[in-house]
Amino acid sequence: MKIKQLSALYDSKSWLMLTAFVGVICVLFPICNMLVPADSFFHISDYTVALSGKILCYAIVALAIDLVWGYTGILSLGHGLFFALGGYAFGMYLMRQIGHDGSYHSSLPDFMVFLDWKAYPWYWEFTDHFWYAILLVLVVPALLAFIFGYFAFRSRIKGVYFSIITQAMTYAFMLLFFRNETGFGGNNGFTDFKRVLGVAIATPNMRLILFMMTGVTLIALLLLSKAIVSSKFGKVLTAIRDAESRVMFSGYNPLHYKLAIWTFSAMLCAIAGALYVPQVGIINPSEMSPSNSIEIAIWAAVGGRGTLIGPLVGAAFVNGIKSYFTEAFPEYWLYFLGLLFILSTLYLPTGVLGLIDRIKEKRLSKNKELESL
Amino acid sequence: MNLPKYLVATLISLLMFIGHAFALTADQKITLITGDNELRIGALSKVAESSDTEAIPYLQAISDDQVKIKGKQIFIVNDSDVIDAITGKAVELPDDAEDVVNNNQMRGEIDATISALNLFSKETKIRLDAAKALLDADPSAGRLVLIKKAEQQETDSAVKQILFQVRAAIEINSEDKATRLAAAKQLGESANPGNKQILSSRLGPDGEKDQEVVAEIKHSLNLIQGHMAIYDKLGQIFTGISLGSILLLAALGLAVTYGLMGVINMAHGEMMMIGAYATFVIQNLFHHYLPGAFNWYLLAAIPFAFFVTAIVGIIIERLVLRHLYGRPLETLLATWGVSLMLMQLVRTIFGAQNVEVENPVWMSGGIELATNLILPNNRIYIIGFAVFVLFAMWMLITKTRLGLFIRAVTQNRAMASCTGVNTRKVDAMAFGLGSGIAGLAGVALSQIGNVGPALGQGYIVDSFMVVVLGGVGQLAGAVYAAMGLGIVSKFLEGIAGAVLAKIFVLVIIIIFIQKRPQGLFAFKGRSID
């Protein structure tokens, strides 16, 4: 059944949907936001664009979780850390771009002035170069994931053991980033960004550009992920998920496969984080809290693990509802989220996508029965 | 018949009290309250040297601002009663009697002299308090004779020890170099932060000039530093054990359910939270209906919290976990959902603010082993409680039929089922047991920290680490892991601060797991999935 779902990305209908999706993101949204008058029914408000941009970032994270959990069977409860690290890495560049426009008019960020620091710490070196910041986004979280994964997978930590250790990891980093002395703004993190590449950041145009960039990145990463999971490498990953010991006995070393997909997944999260920060305009350590990371897992579970598309749907669904609920009935949101966790694990083992598949199959078999009569 | 007797006794003691107050001569009394501070302090020193305990009430009256003067007449004013301090007779207070004014220096001197005179009291407690008060007061050479005399007479070792410190503190300011040397040496013999302060104040620019004495002072300071470091270490070990016992309480239930069912219960922290709220409810009930027995509400809260959380646990097992058997990762997510709902439920019922849980009287206070080593009573009781819970658990696992079943299912579920063990029922019971123990942990936590909806969240990661480190299925593993983690993290906290300590501990655990992936105490076996 999993293989069948996988093929869903191949057929012409899916390609058509994908093209339509690109069209929506790159044509429909900008037009409806910029050209359609504000009082029209078809107008898309700046708020909707911002929310959608955020959700697209989350979708990239959901894709990353699906690669490790859906395809390789590793449930990470620490992917929020890689997301936040990517955000912080790009945030450093954005902080440098503020220049002398902070409230203290110093060349240092406000929080450093506040701490009475005289110069940037060594790890802030070169962060005023855009491409160096991009490099940091790609390298630092991946390196952390590689080192952590190497030690964890080498000693064959798996299942819930691995999950809770990843949770402890993100928890430890959250505590570290909460400290003012760590040099990343403590509690408040980074905020009040002014510009990126010299262009003002908080304008509707910039928001649209970032939104489109995020959409295009998501589609590119989706295609890349599809290529990975349908390759021979991807098949080994699925085999590891279903019976790791047998894979090992057949002469494969699961360490290499797990480590590779784990690190790749962390990189996807970091990219999502880097795209997220300029759009929401803030990054702080609460992004690393264990509860955030667990929520990421539920996106994938709701949408359907091991389907690539499913988690994207899940991320959009859960976050869309979240933004509605937390505004309309904030006190019921946690009840709803809790129920979502319980019900989706109890009754939707294959997610919404799996449910649709099952309904389709039932209809098919019914048709066949009718034909044979 | 009793009443007159009592009256007579009171009268006699009153008379004696008044009689004592006038053992000083009239001249002495006047010099004590007239003139400038220097004159008055001189008079005080004379009183101190006389070691006349009978002067205490008069000095106390001066210190309490009850004394007024007019010419050669002194009045002690106690509310509406006015007596002549020299004749002891009740008199009318003249309108133009002046207040005796004591500034801070004078008041300190008077109180110190009272303390010095109290050193000759017959009650050990009064002498001890007096000695302690003198240790805190400014060292004054005027009292030296008195203190020396008291020290010689003293029979109680604790009081004698303090008196000796008081004397050394005075003598280190002495004119005589040999006396100063001896005092510096003696001050180094006890790890008292006060001694340290006296010694280091002598090292200041207008302190000790003689090189030999300076060397001695420095040596003594080093000694004190060493002693205090030892007490600090002991204190760290104690807080480490205390933290370890809390971690143990938090992790015991988790270890049972993880060992038995292979699932991580993310709602475990919320079980602790429910246990703490159960304590809160019992406290309020006692407050309303049994205020007389309020001090013992904890004894009622312990079984109540256990049963409430155990029932909640069994319900969760029935409704959720049962249907996810064999899917540990999904179970983890589902129990996370449960934890979110429980937190919100508590917020709905009790409000989002922290609630106040009072300590019973017998839980407050502490045992003072040294000035920088105080063991708080509530921590001691919690350590004892953890030992009790551990023992009860051990009895349950090793001596009862349920315990036998739990062990059997933990070791080999299929085989246990084949021999007729109802594994479903054992699962439910064990989950209830694990939750109940979490509830007990909640009772303990309610006594040392804030009780709020997010109470459990703070402990969840730490208690998981105990389970990871200790391995599953054996109590010993959990005990060693909890104590080890508690002590190591408190020591690291002392060196690097709380946050870095947490990170170090995590790194240590990850490195440790490289060597022993199954934890400290793993079952030896050949099973593989």
# chains A, B, ... in the order shown; residues from 1 in each chain; ligands from 1
$ interface_residues --of "chain B" --to "chain A" --cutoff "7 Å" --atoms "only C-alpha atoms" --output "ChimeraX atom specification"
/B:264,323-324,328-330,333-334,337-338,340-341,344,461,499,502-503,514,517
$ write_last_selection --atoms "N, CA and C atoms" --output "short mmCIF file (atom, residue, chain, number, x, y, z; two decimals), in the first residue's frame"
data_model
loop_
_atom_site.label_atom_id
_atom_site.label_comp_id
_atom_site.auth_asym_id
_atom_site.auth_seq_id
_atom_site.Cartn_x
_atom_site.Cartn_y
_atom_site.Cartn_z
N ILE B 264 6.20 5.00 26.20
CA ILE B 264 6.54 6.16 27.00
C ILE B 264 5.26 6.94 27.23
N HIS B 323 -5.69 0.47 22.69
CA HIS B 323 -5.94 0.33 21.27
C HIS B 323 -4.70 0.58 20.43
N LEU B 324 -3.62 0.94 21.09
CA LEU B 324 -2.40 1.24 20.33
C LEU B 324 -1.31 0.22 20.63
N PRO B 328 4.49 1.80 19.72
CA PRO B 328 4.98 2.69 20.78
C PRO B 328 5.08 4.16 20.37
N LEU B 329 5.45 4.42 19.11
CA LEU B 329 5.61 5.82 18.70
C LEU B 329 4.27 6.54 18.68
N GLU B 330 3.24 5.84 18.18
CA GLU B 330 1.91 6.44 18.18
C GLU B 330 1.41 6.63 19.60
N LEU B 333 2.68 9.79 20.98
CA LEU B 333 1.95 10.97 20.52
C LEU B 333 0.57 11.07 21.16
N ALA B 334 -0.11 9.91 21.28
CA ALA B 334 -1.45 9.93 21.85
C ALA B 334 -1.40 10.39 23.30
N GLY B 337 -1.14 13.98 23.54
CA GLY B 337 -2.46 14.59 23.40
C GLY B 337 -3.22 14.57 24.72
N VAL B 338 -3.13 13.43 25.42
CA VAL B 338 -3.79 13.32 26.72
C VAL B 338 -3.24 14.38 27.67
N LEU B 340 -1.91 17.28 26.99
CA LEU B 340 -2.41 18.62 26.65
C LEU B 340 -3.82 18.82 27.19
N MET B 341 -4.65 17.79 27.03
CA MET B 341 -6.04 17.93 27.48
C MET B 341 -6.12 18.02 29.00
N GLN B 344 -5.16 21.47 30.11
CA GLN B 344 -6.21 22.45 29.86
C GLN B 344 -7.39 22.24 30.80
N VAL B 461 11.34 15.73 31.10
CA VAL B 461 12.59 15.39 30.42
C VAL B 461 13.55 14.70 31.40
N VAL B 499 21.99 25.87 33.89
CA VAL B 499 21.70 25.53 32.50
C VAL B 499 22.81 24.69 31.90
N LYS B 502 22.71 21.16 33.09
CA LYS B 502 21.72 20.32 32.39
C LYS B 502 22.29 19.82 31.07
N ILE B 503 22.98 20.72 30.36
CA ILE B 503 23.52 20.34 29.05
C ILE B 503 24.62 19.30 29.22
N GLN B 514 26.55 5.20 24.65
CA GLN B 514 27.44 4.58 23.67
C GLN B 514 27.97 3.25 24.20
N PRO B 517 24.02 0.66 25.73
CA PRO B 517 22.79 1.15 25.11
C PRO B 517 21.53 0.75 25.88
#
$ residues_around --residues "range 101-107 of chain A" --least-positions-apart "5" --cutoff "10 Å" --atoms "only C-alpha atoms" --output "list of chain:residue names"
A:Met95, A:Arg96, A:Met112, A:Val113, A:Phe114, A:Lys118, A:Ala119, A:Tyr120, A:Asp192, A:Phe193, A:Lys194
$ write_last_selection --atoms "C-alpha atoms" --output "PDB file, in the first residue's frame"
ATOM      1  CA  MET A  95      20.461  41.590  12.931  1.00  0.00           C
ATOM      2  CA  ARG A  96      23.641  42.800  11.255  1.00  0.00           C
ATOM      3  CA  MET A 112      24.487  43.264  23.236  1.00  0.00           C
ATOM      4  CA  VAL A 113      24.519  46.960  24.105  1.00  0.00           C
ATOM      5  CA  PHE A 114      22.212  46.124  26.952  1.00  0.00           C
ATOM      6  CA  LYS A 118      31.915  45.973  23.379  1.00  0.00           C
ATOM      7  CA  ALA A 119      32.341  43.727  20.350  1.00  0.00           C
ATOM      8  CA  TYR A 120      30.713  40.839  18.544  1.00  0.00           C
ATOM      9  CA  ASP A 192      12.943  44.330  14.865  1.00  0.00           C
ATOM     10  CA  PHE A 193      14.570  43.408  11.572  1.00  0.00           C
ATOM     11  CA  LYS A 194      14.867  46.341   9.193  1.00  0.00           C
TER      12      LYS A 194
END
$ residues_around --residues "range 198-209 of chain B" --least-positions-apart "4" --cutoff "7 Å" --atoms "only C-alpha atoms" --output "ChimeraX atom specification"
/B:169,194,214,217,221
$ residues_around --residues "range 413-426 of chain B" --least-positions-apart "5" --cutoff "9 Å" --atoms "only C-alpha atoms" --output "NGL selection string"
:B and (260 or 322 or 402 or 405-406 or 408 or 431)
$ write_last_selection --atoms "C-alpha atoms" --output "mmCIF file, in the first residue's frame"
data_model
loop_
_atom_site.group_PDB
_atom_site.id
_atom_site.type_symbol
_atom_site.label_atom_id
_atom_site.label_comp_id
_atom_site.auth_asym_id
_atom_site.auth_seq_id
_atom_site.Cartn_x
_atom_site.Cartn_y
_atom_site.Cartn_z
ATOM 1 C CA LEU B 260 6.027 -3.528 31.002
ATOM 2 C CA ARG B 322 -5.116 -0.362 24.899
ATOM 3 C CA LEU B 402 0.266 -8.688 41.009
ATOM 4 C CA PHE B 405 2.422 -11.026 37.055
ATOM 5 C CA ILE B 406 4.053 -7.704 36.293
ATOM 6 C CA ALA B 408 6.269 -12.181 34.175
ATOM 7 C CA PHE B 431 -0.433 1.566 34.369
#
$ select_by_dssp --residues "range 145-227 of chain B" --states "helix (DSSP H, G or I)" --output "VMD selection string"
chain B and resid 145 to 153 157 to 171 177 to 187 193 to 202 211 to 227
$ residues_around --residues "Ser115 in chain B" --least-positions-apart "3" --cutoff "9 Å" --atoms "only C-alpha atoms" --output "list in words"
Ile56, Ile110, Asp111, Ala112, Asn118, Leu119, Ile126, Arg127, Asp129, Ala130, Ala131, Lys132, Ala133 and Leu134 of chain B
$ write_last_selection --atoms "N, CA and C atoms" --output "tab-separated table (two decimals), in the first residue's frame"
chain	number	residue	atom	x	y	z
B	56	ILE	N	20.83	43.70	84.73
B	56	ILE	CA	20.18	43.45	83.43
B	56	ILE	C	18.85	44.17	83.26
B	110	ILE	N	24.61	48.65	74.66
B	110	ILE	CA	23.76	48.22	75.78
B	110	ILE	C	23.34	46.77	75.59
B	111	ASP	N	22.86	46.47	74.37
B	111	ASP	CA	22.40	45.10	74.12
B	111	ASP	C	23.53	44.11	74.30
B	112	ALA	N	24.74	44.49	73.82
B	112	ALA	CA	25.87	43.59	73.96
B	112	ALA	C	26.20	43.36	75.43
B	118	ASN	N	24.12	38.20	80.57
B	118	ASN	CA	23.30	36.99	80.48
B	118	ASN	C	24.14	35.73	80.44
B	119	LEU	N	25.44	35.90	80.11
B	119	LEU	CA	26.32	34.74	80.06
B	119	LEU	C	26.40	34.04	81.41
B	126	ILE	N	19.61	30.54	77.63
B	126	ILE	CA	19.85	31.99	77.69
B	126	ILE	C	21.33	32.28	77.44
B	127	ARG	N	22.17	31.47	78.04
B	127	ARG	CA	23.62	31.68	77.85
B	127	ARG	C	23.99	31.51	76.39
B	129	ASP	N	22.05	31.86	73.69
B	129	ASP	CA	21.56	32.98	72.90
B	129	ASP	C	22.42	34.22	73.11
B	130	ALA	N	22.80	34.42	74.40
B	130	ALA	CA	23.63	35.58	74.72
B	130	ALA	C	24.96	35.50	73.99
B	131	ALA	N	25.56	34.30	74.00
B	131	ALA	CA	26.86	34.13	73.35
B	131	ALA	C	26.74	34.39	71.85
B	132	LYS	N	25.65	33.90	71.26
B	132	LYS	CA	25.46	34.10	69.82
B	132	LYS	C	25.28	35.57	69.51
B	133	ALA	N	24.52	36.26	70.39
B	133	ALA	CA	24.31	37.69	70.18
B	133	ALA	C	25.64	38.44	70.24
B	134	LEU	N	26.50	38.04	71.18
B	134	LEU	CA	27.80	38.69	71.31
B	134	LEU	C	28.66	38.47	70.08
$ residues_around --residues "Thr350 in chain A" --least-positions-apart "4" --cutoff "9 Å" --atoms "only C-alpha atoms" --output "PDB file with C-alpha atoms, in the first residue's frame"
ATOM      1  CA  ALA A 301       0.463  11.919  11.473  1.00  0.00           C
ATOM      2  CA  VAL A 302      -2.708  13.789  10.554  1.00  0.00           C
ATOM      3  CA  GLY A 303      -1.823  14.124   6.886  1.00  0.00           C
ATOM      4  CA  GLY A 304      -0.488  10.618   6.471  1.00  0.00           C
ATOM      5  CA  ARG A 305       3.035   9.421   6.983  1.00  0.00           C
ATOM      6  CA  GLY A 306       5.121   8.018   4.182  1.00  0.00           C
ATOM      7  CA  SER A 344      -5.484  10.689  14.595  1.00  0.00           C
ATOM      8  CA  THR A 345      -3.297   8.007  16.199  1.00  0.00           C
ATOM      9  CA  GLY A 354      -4.689   7.037   3.693  1.00  0.00           C
ATOM     10  CA  LEU A 355      -8.359   7.538   4.473  1.00  0.00           C
TER      11      LEU A 355
END
$ atom_distance --atom1 "CA of Arg40 in chain B" --atom2 "CA of Gly108 in chain B"
12.4 Å
$ atom_distance --atom1 "CA of Asn295 in chain B" --atom2 "CA of Gly436 in chain B"
23.3 Å
$ atom_distance --atom1 "CA of Tyr58 in chain A" --atom2 "CA of Ala328 in chain A"
21.8 Å
$ closest_residue --among "A:Pro278, A:Gly310, A:Gly251, A:Pro204" --to "Asn33 in chain A" --atoms "only C-alpha atoms"
A:Pro204
$ closest_residue --among "A:Ala202, A:Ile296, A:Ala239, A:Ala220" --to "Thr19 in chain A" --atoms "only C-alpha atoms"
A:Ala220
$ closest_residue --among "B:Ala97, B:Val213, B:Leu32, B:Leu390" --to "Gln474 in chain B" --atoms "only C-alpha atoms"
B:Leu390
$ closest_residue --among "A:Asp128, A:Leu237, A:Arg358, A:Ala315" --to "Gly99 in chain A" --atoms "only C-alpha atoms"
A:Asp128
